[in-house]
$ cat work_13.cif   # mmCIF, C-alpha atoms
data_work
loop_
_atom_site.label_atom_id
_atom_site.label_comp_id
_atom_site.auth_asym_id
_atom_site.auth_seq_id
_atom_site.Cartn_x
_atom_site.Cartn_y
_atom_site.Cartn_z
CA MET H 3 -16.62 13.86 -33.92
CA GLU H 4 -18.34 15.31 -30.83
CA GLN H 5 -17.41 12.16 -28.85
CA ASP H 6 -13.73 12.69 -29.73
CA LYS H 7 -13.90 16.27 -28.46
CA SER H 8 -15.45 15.21 -25.14
CA LYS H 9 -12.94 12.37 -24.80
CA GLY H 10 -10.14 14.89 -25.35
CA LEU H 11 -11.71 17.23 -22.79
CA TYR H 12 -11.81 14.51 -20.13
CA GLN H 13 -8.29 13.33 -20.90
CA SER H 14 -7.03 16.89 -20.71
CA ALA H 15 -8.90 17.40 -17.44
CA MET H 16 -7.15 14.35 -16.01
CA GLN H 17 -3.75 15.47 -17.25
CA LEU H 18 -4.14 19.05 -16.04
CA GLY H 19 -5.65 17.78 -12.78
CA THR H 20 -2.56 15.65 -12.27
CA TYR H 21 -0.40 18.76 -12.62
CA LEU H 22 -2.62 20.62 -10.16
CA GLY H 23 -2.55 17.64 -7.77
CA ILE H 24 1.25 17.58 -7.83
CA PHE H 25 1.21 21.29 -7.01
CA TRP H 26 -1.19 20.67 -4.11
CA ALA H 27 0.88 17.75 -2.85
CA ALA H 28 4.02 19.90 -2.82
CA THR H 29 2.09 22.63 -1.01
CA TYR H 30 0.85 20.24 1.67
CA ILE H 31 4.24 18.61 2.16
CA LEU H 32 5.91 22.00 2.60
CA LEU H 33 3.22 23.10 5.01
CA PHE H 34 3.21 19.95 7.12
CA LYS H 35 6.90 19.09 7.02
CA PHE H 36 8.08 22.57 8.08
CA PRO H 37 5.30 24.07 10.26
CA THR H 38 7.74 26.09 12.40
CA ASN H 39 9.69 27.56 9.48
CA THR H 40 8.02 30.91 8.79
CA LEU H 41 9.43 31.35 5.28
CA VAL H 42 8.42 27.88 4.08
CA SER H 43 5.00 28.11 5.75
CA THR H 44 4.37 31.49 4.12
CA MET H 45 5.45 30.11 0.76
CA ALA H 46 3.13 27.10 1.19
CA LEU H 47 0.25 29.39 2.12
CA ALA H 48 0.93 31.54 -0.95
CA MET H 49 0.99 28.40 -3.09
CA TYR H 50 -2.33 27.27 -1.60
CA MET H 51 -3.96 30.66 -2.21
CA GLY H 52 -2.50 30.80 -5.73
CA SER H 53 -3.67 27.34 -6.80
CA PRO H 54 -6.99 28.59 -8.29
CA PHE H 55 -4.99 31.00 -10.46
CA LEU H 56 -2.77 28.11 -11.58
CA ALA H 57 -5.87 26.06 -12.38
CA GLY H 58 -7.30 28.93 -14.42
CA ARG H 59 -4.02 29.38 -16.25
CA LEU H 60 -3.86 25.65 -17.10
CA ALA H 61 -7.45 25.75 -18.37
CA ALA H 62 -6.83 28.89 -20.42
CA GLY H 63 -3.81 27.18 -21.97
CA TYR H 64 -6.03 24.23 -22.89
CA ARG H 65 -8.57 26.63 -24.40
CA ARG H 66 -5.90 28.27 -26.58
CA ARG H 67 -4.14 25.05 -27.54
CA GLU H 68 -7.00 22.62 -28.12
CA CYS H 69 -10.13 24.69 -28.69
CA GLY H 70 -9.01 27.47 -31.01
CA ASN H 71 -9.35 29.97 -28.12
CA TYR H 72 -13.10 29.23 -27.92
CA LEU H 73 -14.62 27.45 -24.91
CA LYS H 74 -18.23 27.65 -23.71
CA PHE H 75 -19.05 27.78 -20.00
CA PRO H 76 -20.31 24.16 -19.73
CA GLN H 77 -17.08 22.82 -21.25
CA ALA H 78 -14.98 25.14 -19.09
CA TRP H 79 -16.85 24.02 -15.98
CA THR H 80 -16.49 20.35 -16.94
CA LEU H 81 -12.76 20.80 -17.52
CA MET H 82 -12.30 22.62 -14.19
CA PHE H 83 -14.38 20.11 -12.23
CA GLY H 84 -12.47 17.19 -13.73
CA MET H 85 -9.18 18.91 -12.97
CA TYR H 86 -10.16 19.54 -9.36
CA MET H 87 -11.42 15.98 -8.82
CA CYS H 88 -8.22 14.47 -10.23
CA ALA H 89 -6.13 16.87 -8.14
CA THR H 90 -8.15 15.90 -5.06
CA LEU H 91 -7.53 12.20 -5.62
CA LEU H 92 -3.80 12.65 -6.21
CA SER H 93 -3.26 15.00 -3.26
CA THR H 94 -5.27 12.70 -0.97
CA MET H 95 -3.09 9.77 -1.98
CA THR H 96 0.11 11.71 -1.34
CA ASN H 97 -1.23 13.06 1.97
CA TYR H 98 -2.05 9.52 3.06
CA ILE H 99 1.41 8.28 2.16
CA PHE H 100 3.01 11.24 3.92
CA PHE H 101 0.98 11.19 7.15
CA VAL H 102 0.49 7.46 7.66
CA ILE H 103 3.75 6.01 6.31
CA ILE H 104 6.39 8.76 6.42
CA ASP H 105 5.34 11.18 9.19
CA GLN H 106 3.59 8.67 11.52
CA GLY H 107 2.01 11.36 13.70
CA ALA H 108 5.06 13.62 14.14
CA PHE H 109 3.19 16.61 12.70
CA LEU H 110 0.32 16.20 15.15
CA LEU H 111 2.80 15.98 18.06
CA GLN H 112 4.60 19.09 16.82
CA LEU H 113 1.29 20.93 16.49
CA ASP H 114 0.39 19.89 20.04
CA GLY H 115 3.70 21.35 21.26
CA ILE H 116 3.09 24.62 19.42
CA LEU H 117 -0.40 24.93 20.93
CA GLN H 118 0.99 24.17 24.41
CA GLN H 119 3.58 26.93 23.98
CA ILE H 120 0.84 29.38 22.99
CA ILE H 121 -1.24 28.40 26.03
CA ASN H 122 1.74 28.85 28.37
CA ALA H 123 2.85 32.15 26.83
CA PRO H 124 2.83 35.07 29.26
CA GLY H 125 0.26 37.77 28.65
CA ILE H 126 -2.37 35.59 26.97
CA ASP H 127 -5.90 36.18 28.27
CA GLU H 128 -8.01 33.41 29.83
CA LEU H 129 -10.53 33.24 26.98
CA SER H 130 -7.74 32.64 24.46
CA LYS H 131 -6.20 30.00 26.73
CA VAL H 132 -9.52 28.16 26.91
CA GLN H 133 -9.98 28.34 23.12
CA PHE H 134 -6.45 27.10 22.39
CA ASP H 135 -6.89 24.35 24.97
CA GLN H 136 -10.09 23.23 23.21
CA ILE H 137 -8.25 23.19 19.88
CA ARG H 138 -5.45 21.20 21.51
CA GLU H 139 -7.94 18.72 22.96
CA PHE H 140 -9.61 18.30 19.56
CA MET H 141 -6.27 17.83 17.80
CA SER H 142 -5.08 15.29 20.40
CA GLN H 143 -8.01 13.04 19.50
CA MET H 144 -7.27 13.26 15.77
CA THR H 145 -5.30 10.51 14.05
CA ALA H 146 -3.23 10.83 10.89
CA LYS H 147 -6.02 9.14 8.91
CA ASP H 148 -8.54 11.62 10.32
CA LEU H 149 -6.32 14.46 9.14
CA VAL H 150 -6.12 12.96 5.64
CA TRP H 151 -9.92 12.65 5.54
CA GLN H 152 -10.29 16.25 6.67
CA LEU H 153 -7.93 17.46 3.94
CA MET H 154 -9.79 15.37 1.34
CA ASN H 155 -13.12 16.85 2.46
CA ASN H 156 -11.64 20.34 2.18
CA ASN H 157 -10.38 19.61 -1.34
CA PHE H 158 -13.72 18.07 -2.33
CA PHE H 159 -15.54 21.19 -1.08
CA ASN H 160 -13.14 23.31 -3.14
CA SER H 161 -13.91 21.05 -6.13
CA LEU H 162 -17.57 21.97 -5.82
CA MET H 163 -17.18 25.69 -5.18
CA LEU H 164 -14.23 26.91 -7.26
CA PRO H 165 -14.72 25.37 -10.76
CA PRO H 166 -17.86 27.35 -11.65
CA VAL H 167 -16.17 30.58 -10.57
CA ILE H 168 -12.93 29.86 -12.42
CA ALA H 169 -14.90 28.67 -15.48
CA LEU H 170 -16.46 32.14 -15.73
CA PHE H 171 -12.98 33.57 -16.29
CA VAL H 172 -11.72 30.73 -18.52
CA ARG H 173 -14.64 30.61 -20.96
CA LYS H 174 -14.42 32.55 -24.16
CA THR H 175 -17.28 32.65 -26.63
CA SER H 176 -16.00 35.02 -29.28
#
$ encode --input "work_13.cif" --output "structure tokens"
Amino acid sequence: MEQDKSKGLYQSAMQLGTYLGIFWAATYILLFKFPTNTLVSTMALAMYMGSPFLAGRLAAGYRRRECGNYLKFPQAWTLMFGMYMCATLLSTMTNYIFFVIIDQGAFLLQLDGILQQIINAPGIDELSKVQFDQIREFMSQMTAKDLVWQLMNNNFFNSLMLPPVIALFVRKTS
């Protein structure tokens, strides 16, 4: 019986992680497809900042639906970690498809242009110019695959740091 419960927990983590990964993929596509559109970029940033709340809401729904509104911290952490790992894999796959196949470096060129405009803007101090030029130099050496790896590392770091925190809010012992 206990094995069935853990199997259901892992399957639910994969399913909920797929939903979270789709949300992340949409966030990244909005952010990277429209970097100069302030409204879309702000919406993508809000989606990114709100994704832990979505993850918590999905886990709380699982707790109510499948666990009789009772979930210990270890199970909540396992569910959250599984969700985040599945979301990381799905968003990495979609980022790879977007950057390597669809975008083919256009985002990095657009980012280079934006940084060049900032450097050439009147009234910017020399220290800021040097810092933006260093960022521009770093970004010019980055390939689309490097960007995908960087995003995956960021998501993996989030997968280690956020699940224990969110699990504290999702668990319910009485």
$ resolve_selection --input "work_13.cif" --expression "the PyMOL selection byres ((chain H and resi 82-88) around 7)" --output "PDB file with C-alpha atoms, keeping the file's coordinate frame"
ATOM      1  CA  TYR H  12     -11.810  14.510 -20.130  1.00  0.00           C
ATOM      2  CA  ALA H  15      -8.900  17.400 -17.440  1.00  0.00           C
ATOM      3  CA  MET H  16      -7.150  14.350 -16.010  1.00  0.00           C
ATOM      4  CA  LEU H  18      -4.140  19.050 -16.040  1.00  0.00           C
ATOM      5  CA  GLY H  19      -5.650  17.780 -12.780  1.00  0.00           C
ATOM      6  CA  THR H  20      -2.560  15.650 -12.270  1.00  0.00           C
ATOM      7  CA  GLY H  23      -2.550  17.640  -7.770  1.00  0.00           C
ATOM      8  CA  ALA H  78     -14.980  25.140 -19.090  1.00  0.00           C
ATOM      9  CA  TRP H  79     -16.850  24.020 -15.980  1.00  0.00           C
ATOM     10  CA  THR H  80     -16.490  20.350 -16.940  1.00  0.00           C
ATOM     11  CA  LEU H  81     -12.760  20.800 -17.520  1.00  0.00           C
ATOM     12  CA  ALA H  89      -6.130  16.870  -8.140  1.00  0.00           C
ATOM     13  CA  THR H  90      -8.150  15.900  -5.060  1.00  0.00           C
ATOM     14  CA  LEU H  91      -7.530  12.200  -5.620  1.00  0.00           C
ATOM     15  CA  LEU H  92      -3.800  12.650  -6.210  1.00  0.00           C
ATOM     16  CA  SER H 161     -13.910  21.050  -6.130  1.00  0.00           C
ATOM     17  CA  PRO H 165     -14.720  25.370 -10.760  1.00  0.00           C
ATOM     18  CA  ALA H 169     -14.900  28.670 -15.480  1.00  0.00           C
TER      19      ALA H 169
END
$ resolve_selection --input "work_13.cif" --expression "the PyMOL selection byres ((chain H and resi 147) around 8)" --output "PyMOL selection string"
chain H and resi 98+101-102+145-146+148-151
$ closest_residue --input "work_13.cif" --among "H:Ser142, H:Asn157, H:Ser14, H:Gln106" --to "Trp26 of chain H" --atoms "all atoms listed in the file"
H:Asn157
$ axis_aligned_box --input "work_13.cif" --around "segment 30-33 of chain H" --padding-each-side "5 Å" --output "JSON"
{"center_x": 3.4, "center_y": 20.9, "center_z": 3.3, "size_x": 15.1, "size_y": 14.5, "size_z": 13.3}
$ atom_distance --input "work_13.cif" --atom1 "atom CA of Ile99 of chain H" --atom2 "atom CA of Gln143 of chain H"
20.3 Å
$ residues_around --input "work_13.cif" --residues "Gln136 of chain H" --least-positions-apart "4" --cutoff "12 Å" --atoms "all atoms listed in the file" --output "JSON list (two decimals) with C-alpha atoms, in the coordinates of the input"
[["chain", "number", "residue", "atom", "x", "y", "z"],
["H", 114, "ASP", "CA", 0.39, 19.89, 20.04],
["H", 117, "LEU", "CA", -0.40, 24.93, 20.93],
["H", 118, "GLN", "CA", 0.99, 24.17, 24.41],
["H", 121, "ILE", "CA", -1.24, 28.40, 26.03],
["H", 129, "LEU", "CA", -10.53, 33.24, 26.98],
["H", 130, "SER", "CA", -7.74, 32.64, 24.46],
["H", 131, "LYS", "CA", -6.20, 30.00, 26.73],
["H", 132, "VAL", "CA", -9.52, 28.16, 26.91],
["H", 140, "PHE", "CA", -9.61, 18.30, 19.56],
["H", 141, "MET", "CA", -6.27, 17.83, 17.80],
["H", 142, "SER", "CA", -5.08, 15.29, 20.40],
["H", 143, "GLN", "CA", -8.01, 13.04, 19.50]]
$ closest_residue --input "work_13.cif" --among "H:Leu153, H:Leu11, H:Leu73, H:Leu32" --to "Ser176 of chain H" --atoms "all atoms listed in the file"
H:Leu73
$ atom_distance --input "work_13.cif" --atom1 "atom CA of Met154 of chain H" --atom2 "atom CA of Thr94 of chain H"
5.7 Å
$ residues_around --input "work_13.cif" --residues "Val172 of chain H" --least-positions-apart "2" --cutoff "12 Å" --atoms "only C-alpha atoms" --output "ChimeraX atom specification"
/H:54-66,69,71-82,165-170,174-175
$ atom_distance --input "work_13.cif" --atom1 "atom CA of Ser53 of chain H" --atom2 "atom CA of Ile24 of chain H"
11.0 Å
$ residues_around --input "work_13.cif" --residues "Phe109 of chain H" --least-positions-apart "2" --cutoff "10 Å" --atoms "only C-alpha atoms" --output "number ranges by chain"
H: 34-37, 101, 105-107, 111-115, 146
$ resolve_selection --input "work_13.cif" --expression "the PyMOL selection byres ((chain H and resi 49) around 10)" --output "list of chain:residue names"
H:Phe25, H:Trp26, H:Ala28, H:Thr29, H:Tyr30, H:Leu32, H:Leu33, H:Ser43, H:Thr44, H:Met45, H:Ala46, H:Leu47, H:Ala48, H:Tyr50, H:Met51, H:Gly52, H:Ser53, H:Pro54, H:Phe55, H:Leu56
$ closest_residue --input "work_13.cif" --among "H:Phe159, H:Thr96, H:Arg173, H:Ile120" --to "Ala27 of chain H" --atoms "all atoms listed in the file"
H:Thr96
$ decode --input "work_13.cif" --residues "segment 100-112 of chain H" --atoms "all heavy atoms" --output "CSV table (one decimal), in the first residue's frame"
chain,number,residue,atom,x,y,z
H,100,PHE,N,14.0,26.5,-28.9
H,100,PHE,CA,13.9,27.9,-29.3
H,100,PHE,C,15.2,28.5,-29.7
H,100,PHE,O,15.2,29.1,-30.8
H,100,PHE,CB,13.2,28.6,-28.1
H,100,PHE,CG,13.1,30.1,-28.4
H,100,PHE,CD1,12.0,30.5,-29.2
H,100,PHE,CD2,14.0,31.0,-27.9
H,100,PHE,CE1,11.9,31.9,-29.5
H,100,PHE,CE2,13.8,32.4,-28.1
H,100,PHE,CZ,12.8,32.8,-29.0
H,101,PHE,N,16.2,28.4,-28.9
H,101,PHE,CA,17.4,29.1,-29.2
H,101,PHE,C,18.3,28.5,-30.3
H,101,PHE,O,18.8,29.3,-31.1
H,101,PHE,CB,18.3,29.2,-27.9
H,101,PHE,CG,17.9,30.3,-26.9
H,101,PHE,CD1,17.4,29.9,-25.7
H,101,PHE,CD2,17.8,31.6,-27.3
H,101,PHE,CE1,17.0,30.9,-24.8
H,101,PHE,CE2,17.4,32.6,-26.4
H,101,PHE,CZ,17.0,32.2,-25.2
H,102,VAL,N,18.3,27.2,-30.4
H,102,VAL,CA,19.2,26.6,-31.4
H,102,VAL,C,18.5,26.5,-32.7
H,102,VAL,O,19.1,26.7,-33.8
H,102,VAL,CB,19.7,25.3,-30.9
H,102,VAL,CG1,20.5,24.5,-31.9
H,102,VAL,CG2,20.6,25.5,-29.6
H,103,ILE,N,17.2,26.1,-32.7
H,103,ILE,CA,16.5,25.8,-34.0
H,103,ILE,C,15.7,27.0,-34.5
H,103,ILE,O,15.8,27.4,-35.6
H,103,ILE,CB,15.6,24.6,-33.8
H,103,ILE,CG1,16.5,23.4,-33.5
H,103,ILE,CG2,14.8,24.3,-35.1
H,103,ILE,CD1,15.7,22.1,-33.1
H,104,ILE,N,15.0,27.6,-33.6
H,104,ILE,CA,14.1,28.7,-34.1
H,104,ILE,C,14.8,30.1,-34.1
H,104,ILE,O,14.8,30.8,-35.1
H,104,ILE,CB,12.8,28.8,-33.1
H,104,ILE,CG1,12.0,27.5,-33.3
H,104,ILE,CG2,11.9,30.0,-33.5
H,104,ILE,CD1,10.9,27.3,-32.2
H,105,ASP,N,15.4,30.5,-33.0
H,105,ASP,CA,16.0,31.8,-32.9
H,105,ASP,C,17.3,32.0,-33.6
H,105,ASP,O,17.6,33.0,-34.2
H,105,ASP,CB,16.1,32.2,-31.4
H,105,ASP,CG,16.6,33.5,-31.1
H,105,ASP,OD1,15.9,34.5,-31.5
H,105,ASP,OD2,17.7,33.7,-30.6
H,106,GLN,N,18.1,30.9,-33.5
H,106,GLN,CA,19.5,30.9,-34.2
H,106,GLN,C,20.3,32.1,-33.9
H,106,GLN,O,21.0,32.6,-34.8
H,106,GLN,CB,19.3,30.7,-35.7
H,106,GLN,CG,18.6,29.4,-36.0
H,106,GLN,CD,18.5,29.2,-37.5
H,106,GLN,OE1,18.7,30.1,-38.3
H,106,GLN,NE2,18.1,28.0,-37.9
H,107,GLY,N,20.3,32.6,-32.6
H,107,GLY,CA,21.2,33.6,-32.2
H,107,GLY,C,20.7,35.0,-32.4
H,107,GLY,O,21.4,36.0,-32.0
H,108,ALA,N,19.4,35.2,-32.8
H,108,ALA,CA,18.9,36.5,-33.0
H,108,ALA,C,18.7,37.3,-31.7
H,108,ALA,O,18.9,38.5,-31.6
H,108,ALA,CB,17.5,36.4,-33.7
H,109,PHE,N,18.4,36.5,-30.6
H,109,PHE,CA,18.2,37.2,-29.3
H,109,PHE,C,19.6,37.7,-28.8
H,109,PHE,O,19.6,38.9,-28.3
H,109,PHE,CB,17.7,36.2,-28.3
H,109,PHE,CG,17.7,36.7,-26.9
H,109,PHE,CD1,16.8,37.7,-26.5
H,109,PHE,CD2,18.7,36.3,-26.0
H,109,PHE,CE1,16.8,38.2,-25.2
H,109,PHE,CE2,18.7,36.8,-24.7
H,109,PHE,CZ,17.8,37.8,-24.3
H,110,LEU,N,20.7,37.0,-29.0
H,110,LEU,CA,22.0,37.4,-28.6
H,110,LEU,C,22.4,38.7,-29.4
H,110,LEU,O,23.0,39.6,-28.8
H,110,LEU,CB,23.0,36.3,-28.7
H,110,LEU,CG,22.8,35.2,-27.7
H,110,LEU,CD1,23.7,34.0,-28.1
H,110,LEU,CD2,23.0,35.6,-26.3
H,111,LEU,N,22.1,38.7,-30.7
H,111,LEU,CA,22.4,39.9,-31.5
H,111,LEU,C,21.6,41.1,-31.0
H,111,LEU,O,22.1,42.2,-31.0
H,111,LEU,CB,22.1,39.6,-33.0
H,111,LEU,CG,23.1,38.7,-33.6
H,111,LEU,CD1,22.7,38.4,-35.1
H,111,LEU,CD2,24.5,39.3,-33.6
H,112,GLN,N,20.3,40.9,-30.7
H,112,GLN,CA,19.4,41.9,-30.2
H,112,GLN,C,19.9,42.5,-28.9
H,112,GLN,O,19.9,43.7,-28.7
H,112,GLN,CB,18.0,41.4,-30.2
H,112,GLN,CG,17.0,42.5,-30.0
H,112,GLN,CD,15.6,42.0,-30.1
H,112,GLN,OE1,15.3,40.8,-29.9
H,112,GLN,NE2,14.6,42.9,-30.4
